[in-house]
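K.L.:
Dropping the structure in here first, questions after.
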Amino acid sequence: MRFSSPSLSRRTFLFSAPLALAACASSPAPQPEATPSVSASPSPSSVQELYPALKSSLNETLALMPKDRSVLVLSEGGDEIYGLSKNQAFAPASVMKVLTLLALSHSPLYSSTLKTSLRYTDRALYMVAGGDSLLSPGESNPQAVNGRAGVQTLAAAACRKLKAAQAPAGEYTLHLDVSLFSGANLNPGWEEGDIASGQICALYPVAFNSHRVPGGEESERPENAAQVVYDRVLAVLNEQGKENGYSFKAAGAATTPENAQLLASVESAPVSEQAQLMMLSSDNALAEVLARCAARQAIGEGSAEAAQRWVRDELTRLSIPLTGLIQADVCGLAPADRLSAVTTAAVLRALLNHPEQKIAESMPAFFPLAGVSGTLLDRFDSAESRGARSQVWAKTGTLYSAASLAGWAVTPEGQRRVFVIFCNFPADYDTLVTVRGLEDQCAALIAGRAPNSAKEPVVAASATASEPASPSA
């Protein structure tokens with residue numbers, strides 16, 4: 001989507017249309033050059049002294065930004081290369097999703113699918129919402145992430161099952177069960193402007209196209225996404241059932257009786273694939289839905305507050321420092337969200353050093369790649385930052401009053417450097433554009449791929465390379 005005319009509200013700044021996930025997943029990530037042999041690593045206290053040119057260049061670039069900023073750069077072993085206000089908390093925007101990703105990656109839900117089902121008892125059918133917000137109004141598409149499960153496939157299968165069971169012809173009622181989620185559908189922490197502009201909407205445990213209107217504009221959101229799905233299922237049931245004498249009428253919301261039998265179900269793409277889409281397209285609604293589903297499974301509650309508590313509890317369990325962390329949601333849209341560079345860097349390192357090797361190795365496919373994919377597709381286009389294209393993987397975060405970039409860069413010597421950059425400022429479109437460009441330049445410097453980058457020493461990974469950065473890092 002092209003940029004709309006600027007306004008001095010705090011509405012989320014949209015990027016170009018989300019890149020197709022299949023294309024992102026199928027393209028192999030560029031590989032860094034082989035790492036040369038190095039000598040033993042220096043003590044952590046001396047690491048910063050090894051990078052005077054990088055420190056000087058970062059200071060010069062950061063001086064062009066608004067003063068409310070934070071930067072943290074860590075070596076491959078987790079030692080601090082550069083730090084500025086690293087313990088101070090800032091509005092992170094969508095970088096908040098990195099925390100949600102880490103929590104999801106340790107959840108049993110991560111490798112699971114989400115089911116939408118039709119159950120029946122007597123002459124009543126129940127459409128049971130199971131958390132799939134990427135349903136298709138048509139047939140299931142086994143090759144897609146958004147649209148893996150289709151309600152036309154679901155309704156048609158249910159009618160076939162009724163016929164096979166020799167269910168009597170006549171009228172049946174259809175109820176909607178959305179009891180998987182609880183609490184408010186709209187997070188009170190979200191601003192009216194963000195809701196009105198389609199950045200987010202009331203959330204339900206079932207929806208088409210991540211709570212968007214099928215066939216509509218990217219920002220067009222339904223008032224009640226579950227009702228839209230329910231209406232479509234009702235229509236297809238009547239269409240598919242009429243030749244066998246079945247008809248169906250709306251009967252409203254209800255909890256499914258325990259003795260209701262399964263008629264048919266359709267399954268989403270695995271949550272891991274949905275999380276990848278969440279990260280690449282920075283999908284606010286999808287982040288919130290997946291976290292609520294995981295919270296419901298883990299602590300028995302599917303509310304917005306439970307999702308935030310579940311993420312925080314997972315970070316604590318993983319020994320992630322919670323320095324300055326304030327949660328008002330799990331997607332980063334709420335103005336009250338606060339996050340420090342220390343916490344963010346620890347989360348990034350925990351993802352890259354995930355105890356499940358397969359998950360750790362998959363992380364490059366989850367983060368937008370500079371100049372190549374996701375929300376970084378059209379970034380890193382200046383002379384100062386272009387050299388870092390294909391060598392920086394990072395989650396973006398952008399509001400009219402905040403710009404963030406957090407991920408890792410690979411140097412020409414093959415060294416991976418984790419970095420976090422936050423910048424907050426009074427809402428202003430021109431400032432936002434400038435800051436985003438400067439953050440790209442900083443990432444290029446961190447990658448050692450800016451025009452004025454000096455050759456830096458190759459530092460061996462420390463003995464604690466597999467551990468998250470500590471609060472003092």
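Residues in the structure tokens are numbered from 1 in each chain, the chains being A, B, ... in the order shown, and ligands are numbered from 1 in the order shown.
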Quick one: pick out all strand (DSSP E or B) residues within segment 82-236 of chain A from a backbone DSSP run and write them as a PyMOL selection string.
P.N.:
chain A and resi 82-84+89-90+115-121+124-128+135-136+150+170-177+208
K.L.:
With C-alpha atoms retained, write the just-selected residues as a compact mmCIF listing (two decimals), in the first residue's frame.
P.N.:
# COMPACT_ATOMS: atom_id res chain seq x y z
CA TYR A 82 28.08 -0.38 21.46
CA GLY A 83 25.47 0.80 23.95
CA LEU A 84 23.36 3.94 24.29
CA ALA A 89 12.35 1.81 27.85
CA PHE A 90 10.90 3.21 24.61
CA LYS A 115 -9.36 -26.25 13.72
CA THR A 116 -12.68 -24.78 12.67
CA SER A 117 -15.38 -27.39 13.04
CA LEU A 118 -19.08 -28.08 12.62
CA ARG A 119 -20.73 -30.26 15.28
CA TYR A 120 -24.33 -31.34 15.68
CA THR A 121 -26.83 -32.72 18.14
CA ALA A 124 -28.80 -28.16 15.83
CA LEU A 125 -25.40 -27.49 14.27
CA TYR A 126 -22.62 -25.58 15.99
CA MET A 127 -19.82 -23.77 14.18
CA VAL A 128 -16.93 -23.95 16.66
CA LEU A 135 -9.78 -18.80 6.78
CA SER A 136 -10.82 -18.59 3.15
CA GLY A 150 -11.76 -22.91 3.51
CA GLY A 170 -35.72 -30.76 7.01
CA GLU A 171 -34.61 -27.64 8.84
CA TYR A 172 -31.59 -27.42 11.12
CA THR A 173 -30.35 -24.50 13.19
CA LEU A 174 -26.79 -23.18 13.07
CA HIS A 175 -25.18 -21.70 16.18
CA LEU A 176 -21.87 -19.84 16.51
CA ASP A 177 -19.48 -20.79 19.32
CA PHE A 208 -11.24 -14.43 7.01
K.L.:
Pull the helix (DSSP H, G or I) assignments for segment 356-463 of chain A out of DSSP run on the backbone, and list those residues as a PyMOL selection string.
P.N.:
chain A and resi 357-365+374-376+386-388+429-446
K.L.:
Report, in Å to a single decimal, how far apart atom CA of Leu99 of chain A and atom CA of Ser303 of chain A are.
P.N.:
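The value is 17.6 Å.
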K.L.:
Please determine, counting only C-alpha atoms, which residue among A:Ala129, A:Arg309, A:Asn185, A:Thr61 has the shortest atom-to-atom distance to Ala443 of chain A.
P.N.:
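Of the candidates, the smallest distance to Ala443 of chain A is held by A:Thr61.
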K.L.:
Can you build me a table of segment 264-330 of chain A residues sitting at most 9 Å from segment 346-366 of chain A, with the closest atom pair per residue and its distance in Å to one decimal, using only C-alpha atoms, sorted by chain and residue number, as a Markdown table?
P.N.:
| residue | atom | partner | partner_atom | distance |
| --- | --- | --- | --- | --- |
| A:Ala275 | CA | A:Phe366 | CA | 7.8 |
| A:Gln276 | CA | A:Phe366 | CA | 4.9 |
| A:Leu277 | CA | A:Phe366 | CA | 7.7 |
| A:Met278 | CA | A:Phe366 | CA | 8.6 |
| A:Met279 | CA | A:Phe366 | CA | 6.0 |
| A:Leu280 | CA | A:Phe366 | CA | 6.3 |
| A:Leu315 | CA | A:Val347 | CA | 8.2 |
| A:Leu318 | CA | A:Ala350 | CA | 8.4 |
| A:Ile320 | CA | A:Ala346 | CA | 6.1 |
| A:Pro321 | CA | A:Ala346 | CA | 7.3 |
K.L.:
Name the closest residue to Gln308 of chain A among the candidates A:Leu405, A:Met65, A:Met96, A:Ala251; distances are taken between atoms, counting only C-alpha atoms.
P.N.:
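Residue with the minimum atom-to-atom distance to Gln308 of chain A: A:Met96.
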K.L.:
Can you work out the spacing between atom CA of Arg317 of chain A and atom CA of Ala103 of chain A in Å, to one decimal?
P.N.:
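Distance between the two atoms: 9.9 Å.
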K.L.:
Have a look at A:Cys159, A:Pro66, A:Val73, A:Glu217 and name the one nearest to Glu239 of chain A; count only C-alpha atoms.
P.N.:
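Looking only at the distances to Glu239 of chain A, the closest residue turns out to be A:Cys159.
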K.L.:
Expressed in Å to a single decimal, how great is the separation between atom CA of Ala264 of chain A and atom CA of Leu114 of chain A?
P.N.:
13.7 Å
K.L.:
Extract, using only C-alpha atoms, all DNA, RNA and protein residues at most 7 Å from Ile326 of chain A, discarding same-chain residues fewer than 4 positions from it, and format them as a PyMOL selection string.
P.N.:
chain A and resi 337-339
